[in-house]
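> Pasting final-v6.json below, which is JSON, C-alpha atoms and all ligand atoms.
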```json
[["chain", "number", "residue", "atom", "x", "y", "z"],
["A", 84, "MET", "CA", -35.58, -18.38, 111.29],
["A", 85, "LEU", "CA", -33.94, -15.01, 110.87],
["A", 86, "LEU", "CA", -31.22, -16.61, 108.79],
["A", 87, "PHE", "CA", -33.85, -18.17, 106.56],
["A", 88, "GLU", "CA", -35.61, -14.82, 106.12],
["A", 89, "SER", "CA", -32.43, -12.98, 105.17],
["A", 90, "LYS", "CA", -31.63, -15.71, 102.67],
["A", 91, "VAL", "CA", -35.09, -15.28, 101.12],
["A", 92, "CYS", "CA", -34.47, -11.54, 100.78],
["A", 93, "LYS", "CA", -31.38, -12.21, 98.71],
["A", 94, "MET", "CA", -33.27, -14.40, 96.29],
["A", 95, "LYS", "CA", -34.09, -12.35, 93.24],
["A", 96, "ALA", "CA", -35.51, -12.74, 89.77],
["A", 97, "ASP", "CA", -34.34, -11.10, 86.55],
["A", 98, "LEU", "CA", -37.51, -10.73, 84.47],
["A", 99, "HIS", "CA", -36.15, -9.16, 81.28],
["A", 100, "ILE", "CA", -33.59, -11.17, 79.31],
["A", 101, "HIS", "CA", -32.92, -11.54, 75.57],
["A", 102, "THR", "CA", -31.30, -14.62, 74.06],
["A", 103, "VAL", "CA", -30.07, -15.81, 70.66],
["A", 104, "PHE", "CA", -33.74, -16.42, 69.83],
["A", 105, "SER", "CA", -33.95, -12.65, 69.19],
["A", 106, "ASP", "CA", -31.10, -10.14, 69.40],
["A", 107, "GLY", "CA", -29.25, -11.46, 72.44],
["A", 108, "LEU", "CA", -25.75, -12.90, 72.17],
["A", 109, "TYR", "CA", -26.08, -15.80, 74.64],
["A", 110, "THR", "CA", -27.88, -19.12, 74.53],
["A", 111, "ILE", "CA", -30.38, -20.21, 77.18],
["A", 112, "PRO", "CA", -27.97, -22.73, 78.85],
["A", 113, "GLU", "CA", -25.20, -20.09, 78.93],
["A", 114, "ILE", "CA", -27.51, -17.59, 80.65],
["A", 115, "CYS", "CA", -28.86, -20.22, 83.05],
["A", 116, "ASP", "CA", -25.34, -21.25, 84.09],
["A", 117, "LEU", "CA", -24.41, -17.62, 84.69],
["A", 118, "ALA", "CA", -27.64, -16.96, 86.64],
["A", 119, "ALA", "CA", -27.12, -20.07, 88.79],
["A", 120, "GLU", "CA", -23.56, -18.95, 89.59],
["A", 121, "MET", "CA", -24.88, -15.54, 90.63],
["A", 122, "GLY", "CA", -27.53, -17.10, 92.86],
["A", 123, "LEU", "CA", -30.51, -15.72, 90.97],
["A", 124, "ALA", "CA", -33.70, -17.54, 91.90],
["A", 125, "GLY", "CA", -35.91, -16.68, 88.94],
["A", 126, "LEU", "CA", -35.61, -15.79, 85.26],
["A", 127, "ALA", "CA", -37.87, -14.75, 82.42],
["A", 128, "PHE", "CA", -36.62, -14.90, 78.84],
["A", 129, "THR", "CA", -38.40, -12.13, 76.99],
["A", 130, "ASP", "CA", -37.29, -12.28, 73.37],
["A", 131, "HIS", "CA", -38.64, -9.73, 70.89],
["A", 132, "ASP", "CA", -41.89, -11.01, 69.37],
["A", 133, "SER", "CA", -40.64, -14.57, 69.82],
["A", 134, "ILE", "CA", -41.52, -17.49, 72.06],
["A", 135, "ASP", "CA", -39.32, -19.95, 70.17],
["A", 136, "SER", "CA", -37.05, -20.37, 73.19],
["A", 137, "LEU", "CA", -40.03, -21.82, 75.09],
["A", 138, "ILE", "CA", -40.57, -24.42, 72.40],
["A", 139, "TYR", "CA", -36.93, -25.56, 72.56],
["A", 140, "TYR", "CA", -36.45, -25.12, 76.32],
["A", 141, "ASN", "CA", -39.54, -26.04, 78.29],
["A", 142, "PRO", "CA", -39.73, -23.85, 81.44],
["A", 143, "GLN", "CA", -40.71, -26.78, 83.69],
["A", 144, "GLU", "CA", -37.70, -28.78, 82.51],
["A", 145, "LEU", "CA", -35.44, -25.77, 83.07],
["A", 146, "GLU", "CA", -36.85, -25.45, 86.60],
["A", 147, "LYS", "CA", -35.93, -29.06, 87.30],
["A", 148, "ARG", "CA", -32.48, -28.78, 85.78],
["A", 149, "TYR", "CA", -31.42, -25.46, 87.33],
["A", 150, "GLY", "CA", -33.56, -25.26, 90.49],
["A", 151, "MET", "CA", -34.77, -21.78, 89.56],
["A", 152, "ASN", "CA", -38.18, -20.39, 88.70],
["A", 153, "PHE", "CA", -38.81, -19.70, 85.02],
["A", 154, "LEU", "CA", -41.64, -17.45, 83.88],
["A", 155, "PRO", "CA", -42.60, -17.97, 80.24],
["A", 156, "GLY", "CA", -42.11, -14.52, 78.72],
["A", 157, "VAL", "CA", -42.07, -12.37, 75.60],
["A", 158, "GLU", "CA", -41.53, -8.70, 74.71],
["A", 159, "ILE", "CA", -43.90, -7.46, 72.01],
["A", 160, "GLY", "CA", -42.90, -4.38, 69.99],
["A", 161, "THR", "CA", -45.85, -2.04, 69.39],
["A", 162, "HIS", "CA", -46.42, 1.47, 68.12],
["A", 163, "TRP", "CA", -48.96, 4.09, 69.13],
["A", 164, "LYS", "CA", -49.18, 7.85, 68.38],
["A", 165, "GLY", "CA", -45.55, 8.23, 67.35],
["A", 166, "GLN", "CA", -44.09, 6.16, 70.18],
["A", 167, "ASP", "CA", -42.52, 2.71, 70.21],
["A", 168, "ILE", "CA", -44.06, 0.92, 73.17],
["A", 169, "HIS", "CA", -42.79, -2.46, 74.36],
["A", 170, "ILE", "CA", -45.20, -4.75, 76.17],
["A", 171, "LEU", "CA", -43.82, -7.63, 78.21],
["A", 172, "GLY", "CA", -45.95, -10.73, 78.63],
["A", 173, "TYR", "CA", -45.41, -13.12, 81.56],
["A", 174, "ASN", "CA", -46.82, -16.56, 82.17],
["A", 175, "ILE", "CA", -48.11, -16.52, 78.63],
["A", 176, "GLY", "CA", -49.83, -19.45, 76.94],
["A", 177, "TYR", "CA", -46.90, -20.29, 74.68],
["A", 178, "ASN", "CA", -48.46, -23.54, 73.47],
["A", 179, "ILE", "CA", -51.60, -21.85, 72.16],
["A", 180, "GLY", "CA", -51.68, -21.97, 68.36],
["A", 181, "TRP", "CA", -53.35, -18.60, 67.71],
["A", 182, "PHE", "CA", -50.93, -16.87, 70.12],
["A", 183, "ARG", "CA", -47.96, -18.34, 68.27],
["A", 184, "ASP", "CA", -49.50, -17.24, 64.95],
["A", 185, "PHE", "CA", -50.06, -13.76, 66.38],
["A", 186, "LEU", "CA", -46.33, -13.48, 67.16],
["A", 187, "SER", "CA", -45.30, -15.10, 63.86],
["A", 188, "SER", "CA", -47.10, -12.35, 61.97],
["A", 189, "ALA", "CA", -44.80, -9.85, 63.72],
["A", 190, "GLN", "CA", -41.79, -11.95, 62.70],
["A", 191, "GLU", "CA", -42.92, -12.00, 59.06],
["A", 192, "GLU", "CA", -43.30, -8.24, 59.18],
["A", 193, "ARG", "CA", -39.73, -7.95, 60.49],
["A", 194, "GLN", "CA", -38.43, -10.09, 57.60],
["A", 195, "LYS", "CA", -40.29, -8.03, 54.98],
["A", 196, "ARG", "CA", -38.93, -4.84, 56.48],
["A", 197, "SER", "CA", -35.38, -6.18, 56.53],
["A", 198, "GLU", "CA", -35.63, -7.08, 52.81],
["A", 199, "LYS", "CA", -36.87, -3.57, 51.98],
["A", 200, "ILE", "CA", -34.01, -1.97, 53.95],
["A", 201, "VAL", "CA", -31.42, -4.13, 52.14],
["A", 202, "HIS", "CA", -32.92, -3.07, 48.80],
["A", 203, "LEU", "CA", -32.66, 0.62, 49.76],
["A", 204, "LEU", "CA", -29.09, 0.15, 50.99],
["A", 205, "ASN", "CA", -28.09, -1.42, 47.68],
["A", 206, "GLN", "CA", -29.67, 1.51, 45.85],
["A", 207, "GLN", "CA", -27.54, 3.85, 47.99],
["A", 208, "GLY", "CA", -24.39, 1.98, 46.93],
["A", 209, "TYR", "CA", -23.86, -0.17, 50.05],
["A", 210, "GLU", "CA", -23.17, -3.65, 48.78],
["A", 211, "LEU", "CA", -25.10, -6.33, 50.61],
["A", 212, "ASN", "CA", -24.96, -9.65, 48.75],
["A", 213, "ASP", "CA", -27.14, -12.76, 48.66],
["A", 214, "ASP", "CA", -25.23, -14.32, 51.58],
["A", 215, "ASP", "CA", -26.04, -11.29, 53.74],
["A", 216, "VAL", "CA", -29.69, -11.50, 52.75],
["A", 217, "GLU", "CA", -29.72, -15.23, 53.51],
["A", 218, "ASN", "CA", -28.09, -14.70, 56.91],
["A", 219, "LEU", "CA", -30.59, -11.99, 57.81],
["A", 220, "ALA", "CA", -33.46, -14.27, 56.82],
["A", 221, "LYS", "CA", -32.21, -16.85, 59.36],
["A", 222, "ILE", "CA", -32.37, -14.42, 62.30],
["A", 223, "PRO", "CA", -35.60, -15.08, 64.21],
["A", 224, "SER", "CA", -36.34, -11.47, 65.27],
["A", 225, "VAL", "CA", -34.36, -9.61, 62.65],
["A", 226, "GLY", "CA", -34.06, -5.89, 63.28],
["A", 227, "ARG", "CA", -32.15, -2.82, 62.18],
["A", 228, "PRO", "CA", -29.19, -3.54, 64.56],
["A", 229, "HIS", "CA", -28.51, -6.78, 62.64],
["A", 230, "ILE", "CA", -28.30, -4.86, 59.36],
["A", 231, "ALA", "CA", -26.14, -2.19, 60.98],
["A", 232, "GLU", "CA", -23.75, -4.93, 62.20],
["A", 233, "ILE", "CA", -23.25, -6.13, 58.61],
["A", 234, "LEU", "CA", -22.44, -2.60, 57.45],
["A", 235, "ILE", "CA", -19.90, -2.27, 60.29],
["A", 236, "GLU", "CA", -18.35, -5.66, 59.44],
["A", 237, "LYS", "CA", -18.00, -4.55, 55.83],
["A", 238, "GLY", "CA", -16.15, -1.45, 56.99],
["A", 239, "TYR", "CA", -18.69, 1.15, 55.89],
["A", 240, "PHE", "CA", -19.07, 2.42, 59.47],
["A", 241, "SER", "CA", -17.30, 1.96, 62.79],
["A", 242, "ARG", "CA", -20.21, 2.41, 65.19],
["A", 243, "MET", "CA", -23.83, 1.35, 65.32],
["A", 244, "ASP", "CA", -25.16, 4.85, 66.18],
["A", 245, "GLN", "CA", -23.49, 6.21, 63.01],
["A", 246, "VAL", "CA", -25.39, 3.73, 60.85],
["A", 247, "PHE", "CA", -28.66, 4.73, 62.51],
["A", 248, "ASP", "CA", -27.94, 8.48, 62.33],
["A", 249, "ILE", "CA", -26.93, 8.37, 58.67],
["A", 250, "LEU", "CA", -29.16, 5.65, 57.22],
["A", 251, "LEU", "CA", -31.62, 3.81, 59.40],
["A", 252, "ASN", "CA", -33.42, 6.30, 61.64],
["A", 253, "PRO", "CA", -36.78, 7.87, 60.66],
["A", 254, "GLY", "CA", -36.22, 10.52, 57.98],
["A", 255, "LYS", "CA", -32.96, 8.91, 56.76],
["A", 256, "PRO", "CA", -32.65, 7.36, 53.28],
["A", 257, "CYS", "CA", -32.93, 3.69, 54.28],
["A", 258, "TYR", "CA", -35.58, 3.98, 56.97],
["A", 259, "VAL", "CA", -38.55, 1.70, 56.50],
["A", 260, "PRO", "CA", -41.42, 1.95, 58.97],
["A", 261, "ARG", "CA", -42.56, -1.36, 60.44],
["A", 262, "LYS", "CA", -46.19, -2.29, 60.61],
["A", 263, "THR", "CA", -46.61, -3.29, 64.23],
["A", 264, "PHE", "CA", -49.35, -4.09, 66.68],
["A", 265, "THR", "CA", -50.84, -1.41, 68.85],
["A", 266, "PRO", "CA", -50.08, -1.80, 72.56],
["A", 267, "PHE", "CA", -53.77, -2.53, 73.11],
["A", 268, "GLU", "CA", -53.64, -5.47, 70.69],
["A", 269, "ALA", "CA", -50.57, -6.83, 72.46],
["A", 270, "ILE", "CA", -52.21, -6.50, 75.90],
["A", 271, "GLU", "CA", -55.34, -8.23, 74.66],
["A", 272, "ALA", "CA", -53.42, -11.12, 73.08],
["A", 273, "ILE", "CA", -51.30, -11.65, 76.21],
["A", 274, "LEU", "CA", -54.40, -11.61, 78.45],
["A", 275, "ASN", "CA", -56.31, -13.94, 76.15],
["A", 276, "SER", "CA", -53.41, -16.39, 76.28],
["A", 277, "GLY", "CA", -53.73, -16.32, 80.08],
["A", 278, "GLY", "CA", -50.66, -14.11, 80.59],
["A", 279, "ILE", "CA", -49.84, -10.91, 82.47],
["A", 280, "PRO", "CA", -49.14, -7.79, 80.35],
["A", 281, "VAL", "CA", -46.56, -5.35, 81.71],
["A", 282, "LEU", "CA", -45.32, -2.06, 80.23],
["A", 283, "ALA", "CA", -41.57, -2.35, 79.54],
["A", 284, "HIS", "CA", -39.11, 0.44, 80.43],
["A", 285, "PRO", "CA", -41.55, 3.41, 80.52],
["A", 286, "GLY", "CA", -38.56, 5.64, 81.21],
["A", 287, "LEU", "CA", -37.80, 5.50, 77.49],
["A", 288, "LEU", "CA", -41.19, 6.99, 76.55],
["A", 289, "LYS", "CA", -41.52, 10.66, 75.67],
["A", 290, "ASP", "CA", -45.16, 10.82, 76.72],
["A", 291, "LEU", "CA", -46.22, 8.87, 79.81],
["A", 292, "SER", "CA", -49.90, 9.76, 79.50],
["A", 293, "ILE", "CA", -50.30, 6.51, 77.53],
["A", 294, "MET", "CA", -50.02, 4.62, 80.84],
["A", 295, "ASP", "CA", -53.55, 5.60, 81.92],
["A", 296, "ASP", "CA", -54.95, 4.31, 78.60],
["A", 297, "LEU", "CA", -53.02, 1.05, 78.90],
["A", 298, "ILE", "CA", -54.41, 0.52, 82.39],
["A", 299, "LYS", "CA", -57.95, 1.06, 81.08],
["A", 300, "HIS", "CA", -57.15, -1.83, 78.71],
["A", 301, "ASN", "CA", -56.11, -4.03, 81.64],
["A", 302, "LEU", "CA", -52.37, -3.60, 81.79],
["A", 303, "LYS", "CA", -51.33, -5.49, 84.94],
["A", 304, "GLY", "CA", -47.89, -4.16, 85.70],
["A", 305, "ILE", "CA", -45.16, -1.60, 85.08],
["A", 306, "GLU", "CA", -41.46, -2.39, 84.68],
["A", 307, "VAL", "CA", -40.36, 0.00, 87.39],
["A", 308, "TYR", "CA", -36.78, -1.31, 87.69],
["A", 309, "HIS", "CA", -34.75, -1.12, 84.48],
["A", 310, "PRO", "CA", -31.10, -0.14, 83.87],
["A", 311, "VAL", "CA", -32.05, 3.03, 81.95],
["A", 312, "HIS", "CA", -34.27, 4.35, 84.77],
["A", 313, "PRO", "CA", -32.59, 6.90, 87.03],
["A", 314, "LYS", "CA", -33.54, 6.77, 90.75],
["A", 315, "LYS", "CA", -36.00, 9.66, 90.30],
["A", 316, "THR", "CA", -37.84, 7.74, 87.56],
["A", 317, "VAL", "CA", -37.94, 4.56, 89.67],
["A", 318, "TYR", "CA", -39.42, 6.53, 92.55],
["A", 319, "SER", "CA", -42.16, 8.21, 90.52],
["A", 320, "LEU", "CA", -43.01, 4.98, 88.63],
["A", 321, "LEU", "CA", -43.21, 3.05, 91.88],
["A", 322, "LYS", "CA", -45.55, 5.65, 93.37],
["A", 323, "TYR", "CA", -47.74, 5.49, 90.27],
["A", 324, "THR", "CA", -47.69, 1.67, 90.21],
["A", 325, "VAL", "CA", -48.71, 1.42, 93.86],
["A", 326, "SER", "CA", -51.47, 4.03, 93.40],
["A", 327, "LYS", "CA", -52.94, 1.98, 90.54],
["A", 328, "ASP", "CA", -52.54, -1.33, 92.39],
["A", 329, "LEU", "CA", -50.31, -2.80, 89.66],
["A", 330, "LEU", "CA", -47.34, -5.16, 89.79],
["A", 331, "ALA", "CA", -43.90, -3.52, 89.89],
["A", 332, "THR", "CA", -41.54, -5.66, 87.83],
["A", 333, "GLY", "CA", -37.91, -5.32, 86.84],
["A", 334, "GLY", "CA", -35.01, -6.83, 84.99],
["A", 335, "SER", "CA", -31.69, -6.22, 83.30],
["A", 336, "ASP", "CA", -32.84, -6.18, 79.63],
["A", 337, "PHE", "CA", -29.73, -8.32, 79.19],
["A", 338, "HIS", "CA", -28.58, -8.77, 75.59],
["A", 339, "GLY", "CA", -24.97, -9.68, 76.36],
["A", 340, "HIS", "CA", -23.59, -6.53, 74.74],
["A", 341, "GLY", "CA", -21.09, -4.05, 76.24],
["A", 342, "ASN", "CA", -22.18, -2.96, 79.71],
["A", 343, "ASP", "CA", -25.14, -5.34, 80.09],
["A", 344, "GLU", "CA", -25.26, -6.98, 83.52],
["A", 345, "LEU", "CA", -27.37, -10.03, 84.08],
["A", 346, "GLY", "CA", -29.30, -9.67, 87.36],
["A", 347, "LYS", "CA", -29.25, -5.87, 87.34],
["A", 348, "CYS", "CA", -32.62, -4.46, 88.49],
["A", 349, "ALA", "CA", -33.77, -7.93, 89.54],
["A", 350, "VAL", "CA", -36.84, -8.03, 91.76],
["A", 351, "ALA", "CA", -37.88, -10.02, 94.82],
["A", 352, "MET", "CA", -39.29, -13.48, 94.19],
["A", 353, "ASP", "CA", -42.71, -12.48, 95.51],
["A", 354, "VAL", "CA", -43.22, -10.68, 92.18],
["A", 355, "VAL", "CA", -42.77, -14.02, 90.39],
["A", 356, "HIS", "CA", -45.18, -15.71, 92.80],
["A", 357, "LYS", "CA", -47.75, -12.92, 92.33],
["A", 358, "ILE", "CA", -47.51, -13.26, 88.54],
["A", 359, "LYS", "CA", -47.87, -17.03, 88.74],
["A", 360, "ASN", "CA", -50.86, -16.71, 91.08],
["A", 361, "THR", "CA", -52.74, -14.00, 89.19],
["A", 362, "LYS", "CA", -55.74, -15.54, 87.54],
["A", 363, "ILE", "CA", -56.77, -13.84, 84.34],
["A", 364, "ASN", "CA", -60.46, -13.39, 83.75],
["A", 365, "LEU", "CA", -60.53, -13.69, 79.97],
["A", 366, "ARG", "CA", -63.51, -11.37, 79.69],
["A", 367, "GLU", "CA", -61.34, -8.60, 81.16],
["A", 368, "SER", "CA", -59.59, -8.10, 77.87],
["A", 369, "CYS", "CA", -62.88, -6.97, 76.28],
["A", 370, "LYS", "CA", -63.32, -4.16, 78.79],
["A", 371, "THR", "CA", -62.28, -0.77, 77.35],
["A", 401, "ZN", "ZN", -37.72, -3.14, 74.99],
["A", 402, "ZN", "ZN", -35.91, -5.95, 76.02]]
```
Output the file's structure as structure tokens, nothing else.
Ligand SMILES: [Zn+2]
Ligand SMILES: [Zn+2]


Amino acid sequence: MLLFESKVCKMKADLHIHTVFSDGLYTIPEICDLAAEMGLAGLAFTDHDSIDSLIYYNPQELEKRYGMNFLPGVEIGTHWKGQDIHILGYNIGYNIGWFRDFLSSAQEERQKRSEKIVHLLNQQGYELNDDDVENLAKIPSVGRPHIAEILIEKGYFSRMDQVFDILLNPGKPCYVPRKTFTPFEAIEAILNSGGIPVLAHPGLLKDLSIMDDLIKHNLKGIEVYHPVHPKKTVYSLLKYTVSKDLLATGGSDFHGHGNDELGKCAVAMDVVHKIKNTKINLRESCKT
């Protein structure tokens, strides 16, 4: 019995993973093989504004094939009062037409923004040709890092942060703001699809007072465990999460770049079970 219990303790879930369906470098089977080798017991793919992976790789089929738990997930980029706020959605209704349309509108916005940035870059003398534009248009969740990569490949810069500092950050000549959802819209859409909205990596926020507002709009969890969170942040977020009776989630935010480690900040499987067992009262999302 004791042996069984200790084995259960080791079983963990990484609930924040990006794949080639947004800006990750690895495919779903590659990540699943790696996770199975590591002994992870649960995964959630949380691509930026995209649930395409769930259309191609049905979570129930993945569960059968790999013997792990898969939570249907997404990470929605939002903006509120000068801050970029990422909202994770778990157990979302990925087959619901309006929910897919909701996310597609974010994708279209990304494409329009990418085209505007390329236009500004060309005006500044950086030569991006039709092939580059065509390649960018094929990327499902195209973002500024993809454009920066092209500029690095062409030899204009050697590092991504240089491209952002000189061209792509707010106030720089090729910055284009993106029209995004508010975090409240993202929470409402996730809830209405039957999913669980969770605030991603709050440690990256300048102003944490937004958390109280998000909870008033029925946020259900906080990503307490994330690679950018120092121990002090984890402790204070955990205290806050417990005091508000929310779920404490975690994950590696794996993209497959540099120091990314799949399984880092993974959480106990009871978090996955709690998410799966939380019933969403759809009227909740109307409460303000
Ligand atoms: Zn994020
Ligand atoms: Zn992420």

> Write out as JSON lines a residue-level contact list of segment 198-231 of chain A versus segment 134-137 of chain A with cut-off 12 Å: for each qualifying residue the closest pair of atoms and the distance in Å to one decimal, counting all atoms listed in the file, rows sorted by chain and residue number upward.


```
{"residue": "A:Ile222", "atom": "CA", "partner": "A:Asp135", "partner_atom": "CA", "distance": 11.9}
{"residue": "A:Pro223", "atom": "CA", "partner": "A:Asp135", "partner_atom": "CA", "distance": 8.5}
{"residue": "A:Ser224", "atom": "CA", "partner": "A:Asp135", "partner_atom": "CA", "distance": 10.2}
```

> Report the closest atom pair, with its distance in Å rounded to one decimal, for each residue of chain A that has an atom no farther than 12 Å from ligand ZN 402 (chain A); count all atoms listed in the file, sort by chain and then rising residue number, and write it as a tab-separated table.


```
residue	atom	partner	partner_atom	distance
A:Asp97	CA	A:ZN402	ZN	11.8
A:Leu98	CA	A:ZN402	ZN	9.8
A:His99	CA	A:ZN402	ZN	6.2
A:Ile100	CA	A:ZN402	ZN	6.6
A:His101	CA	A:ZN402	ZN	6.4
A:Thr102	CA	A:ZN402	ZN	10.0
A:Ser105	CA	A:ZN402	ZN	9.8
A:Asp106	CA	A:ZN402	ZN	9.2
A:Gly107	CA	A:ZN402	ZN	9.4
A:Ala127	CA	A:ZN402	ZN	11.1
A:Phe128	CA	A:ZN402	ZN	9.4
A:Thr129	CA	A:ZN402	ZN	6.7
A:Asp130	CA	A:ZN402	ZN	7.0
A:His131	CA	A:ZN402	ZN	6.9
A:Asp132	CA	A:ZN402	ZN	10.3
A:Ser133	CA	A:ZN402	ZN	11.6
A:Gly156	CA	A:ZN402	ZN	10.9
A:Val157	CA	A:ZN402	ZN	8.9
A:Glu158	CA	A:ZN402	ZN	6.4
A:Ile159	CA	A:ZN402	ZN	9.1
A:Gly160	CA	A:ZN402	ZN	9.4
A:Ile168	CA	A:ZN402	ZN	11.0
A:His169	CA	A:ZN402	ZN	7.9
A:Ile170	CA	A:ZN402	ZN	9.4
A:Leu171	CA	A:ZN402	ZN	8.4
A:Gly172	CA	A:ZN402	ZN	11.4
A:Leu282	CA	A:ZN402	ZN	11.0
A:Ala283	CA	A:ZN402	ZN	7.6
A:His284	CA	A:ZN402	ZN	8.4
A:Pro285	CA	A:ZN402	ZN	11.8
A:Leu287	CA	A:ZN402	ZN	11.7
A:Glu306	CA	A:ZN402	ZN	10.9
A:His309	CA	A:ZN402	ZN	9.8
A:Pro310	CA	A:ZN402	ZN	10.9
A:Val311	CA	A:ZN402	ZN	11.4
A:Gly333	CA	A:ZN402	ZN	11.0
A:Gly334	CA	A:ZN402	ZN	9.1
A:Ser335	CA	A:ZN402	ZN	8.4
A:Asp336	CA	A:ZN402	ZN	4.7
A:Phe337	CA	A:ZN402	ZN	7.3
A:His338	CA	A:ZN402	ZN	7.9
A:Gly339	CA	A:ZN402	ZN	11.6
A:Asp343	CA	A:ZN402	ZN	11.5
```

> When you count all atoms listed in the file, which of these residues is closest to ligand ZN 401 (chain A): A:Glu192, A:Leu288, A:Gly176, A:Lys357?

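Among the listed residues, A:Leu288 lies closest to ligand ZN 401 (chain A).
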
> Pick out the closest residue to His202 of chain A from this set: A:Pro256, A:Pro280, A:Gly226, A:Gly341. Count all atoms listed in the file.

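Closest candidate: A:Pro256.
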
> Can you work out which one of A:Asp167, A:Glu146, A:Glu113, A:Glu236 has the shortest atom-to-atom distance to ligand ZN 401 (chain A), counting all atoms listed in the file?

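Nearest to ligand ZN 401 (chain A): A:Asp167.
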
> Calculate how many Å separate atom CA of Cys257 of chain A from atom CA of Leu203 of chain A, rounding to one decimal.

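Separation of atom CA of Cys257 of chain A and atom CA of Leu203 of chain A: 5.5 Å.
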
> Which residue gives the smallest distance to ligand ZN 401 (chain A) among A:Val281, A:Ile233, A:Met294, A:Ile175, with only C-alpha atoms and all ligand atoms counted?

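Answer, going by the shortest atom-to-atom distance: A:Val281.
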
> Kindly indicate which residue among A:Gly286, A:Ala96, A:Phe185, A:Gln206 lies nearest to ligand ZN 401 (chain A), using all atoms listed in the file for the distances.

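Closest residue, counting all atoms listed in the file: A:Gly286.
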
> Using only C-alpha atoms and all ligand atoms for the distances, tell me which of A:Asp353, A:Thr161, A:Tyr177, A:Gly208 is nearest to ligand ZN 401 (chain A).

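Of A:Asp353, A:Thr161, A:Tyr177, A:Gly208, the one nearest ligand ZN 401 (chain A) is A:Thr161, counting only C-alpha atoms and all ligand atoms.
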
> Between atom CA of Ala272 of chain A and atom CA of Asn174 of chain A, what is the distance, to one decimal in Å?

12.5 Å

> Residues near segment 324-327 of chain A, anyone? I mean within 9 Å using all atoms listed in the file, not counting same-chain ones fewer than 6 positions away, as a ChimeraX atom specification.

/A:298,304-305,307

> Quick one: distance from atom CA of Ile111 of chain A to atom CA of Tyr140 of chain A in Å, one decimal?

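Distance between the two atoms: 7.9 Å.
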
> With all atoms listed in the file as the counted atoms, please give the residues lying no more than 6 Å from segment 261-268 of chain A, apart from itself and same-chain residues fewer than 3 positions off, as number ranges by chain.

A: 161-163, 271

> Add whatever atoms are absent from segment 235-247 of chain A to reach N, CA and C atoms, and provide the output as a PDB file, in the frame of the given file.


```pdb
ATOM      1  N   ILE A 235     -21.127  -2.515  59.502  1.00  0.00           N
ATOM      2  CA  ILE A 235     -19.900  -2.270  60.290  1.00  0.00           C
ATOM      3  C   ILE A 235     -18.841  -3.321  59.911  1.00  0.00           C
ATOM      4  N   GLU A 236     -19.286  -4.585  59.827  1.00  0.00           N
ATOM      5  CA  GLU A 236     -18.350  -5.660  59.440  1.00  0.00           C
ATOM      6  C   GLU A 236     -17.718  -5.394  58.083  1.00  0.00           C
ATOM      7  N   LYS A 237     -18.509  -4.810  57.177  1.00  0.00           N
ATOM      8  CA  LYS A 237     -18.000  -4.550  55.830  1.00  0.00           C
ATOM      9  C   LYS A 237     -17.137  -3.291  55.774  1.00  0.00           C
ATOM     10  N   GLY A 238     -17.045  -2.594  56.914  1.00  0.00           N
ATOM     11  CA  GLY A 238     -16.150  -1.450  56.990  1.00  0.00           C
ATOM     12  C   GLY A 238     -16.766  -0.127  56.540  1.00  0.00           C
ATOM     13  N   TYR A 239     -18.063  -0.117  56.292  1.00  0.00           N
ATOM     14  CA  TYR A 239     -18.690   1.150  55.890  1.00  0.00           C
ATOM     15  C   TYR A 239     -18.771   2.134  57.061  1.00  0.00           C
ATOM     16  N   PHE A 240     -18.941   1.586  58.265  1.00  0.00           N
ATOM     17  CA  PHE A 240     -19.070   2.420  59.470  1.00  0.00           C
ATOM     18  C   PHE A 240     -18.268   1.765  60.604  1.00  0.00           C
ATOM     19  N   SER A 241     -18.004   2.580  61.653  1.00  0.00           N
ATOM     20  CA  SER A 241     -17.300   1.960  62.790  1.00  0.00           C
ATOM     21  C   SER A 241     -18.221   1.783  63.989  1.00  0.00           C
ATOM     22  N   ARG A 242     -19.326   2.540  64.015  1.00  0.00           N
ATOM     23  CA  ARG A 242     -20.210   2.410  65.190  1.00  0.00           C
ATOM     24  C   ARG A 242     -21.668   2.294  64.759  1.00  0.00           C
ATOM     25  N   MET A 243     -22.425   1.577  65.606  1.00  0.00           N
ATOM     26  CA  MET A 243     -23.830   1.350  65.320  1.00  0.00           C
ATOM     27  C   MET A 243     -24.638   2.664  65.245  1.00  0.00           C
ATOM     28  N   ASP A 244     -24.359   3.608  66.177  1.00  0.00           N
ATOM     29  CA  ASP A 244     -25.160   4.850  66.180  1.00  0.00           C
ATOM     30  C   ASP A 244     -24.942   5.645  64.895  1.00  0.00           C
ATOM     31  N   GLN A 245     -23.729   5.507  64.287  1.00  0.00           N
ATOM     32  CA  GLN A 245     -23.490   6.210  63.010  1.00  0.00           C
ATOM     33  C   GLN A 245     -24.423   5.667  61.925  1.00  0.00           C
ATOM     34  N   VAL A 246     -24.557   4.343  61.886  1.00  0.00           N
ATOM     35  CA  VAL A 246     -25.390   3.730  60.850  1.00  0.00           C
ATOM     36  C   VAL A 246     -26.836   4.216  61.005  1.00  0.00           C
ATOM     37  N   PHE A 247     -27.287   4.268  62.264  1.00  0.00           N
ATOM     38  CA  PHE A 247     -28.660   4.730  62.510  1.00  0.00           C
ATOM     39  C   PHE A 247     -28.810   6.204  62.141  1.00  0.00           C
TER      40      PHE A 247
END
```
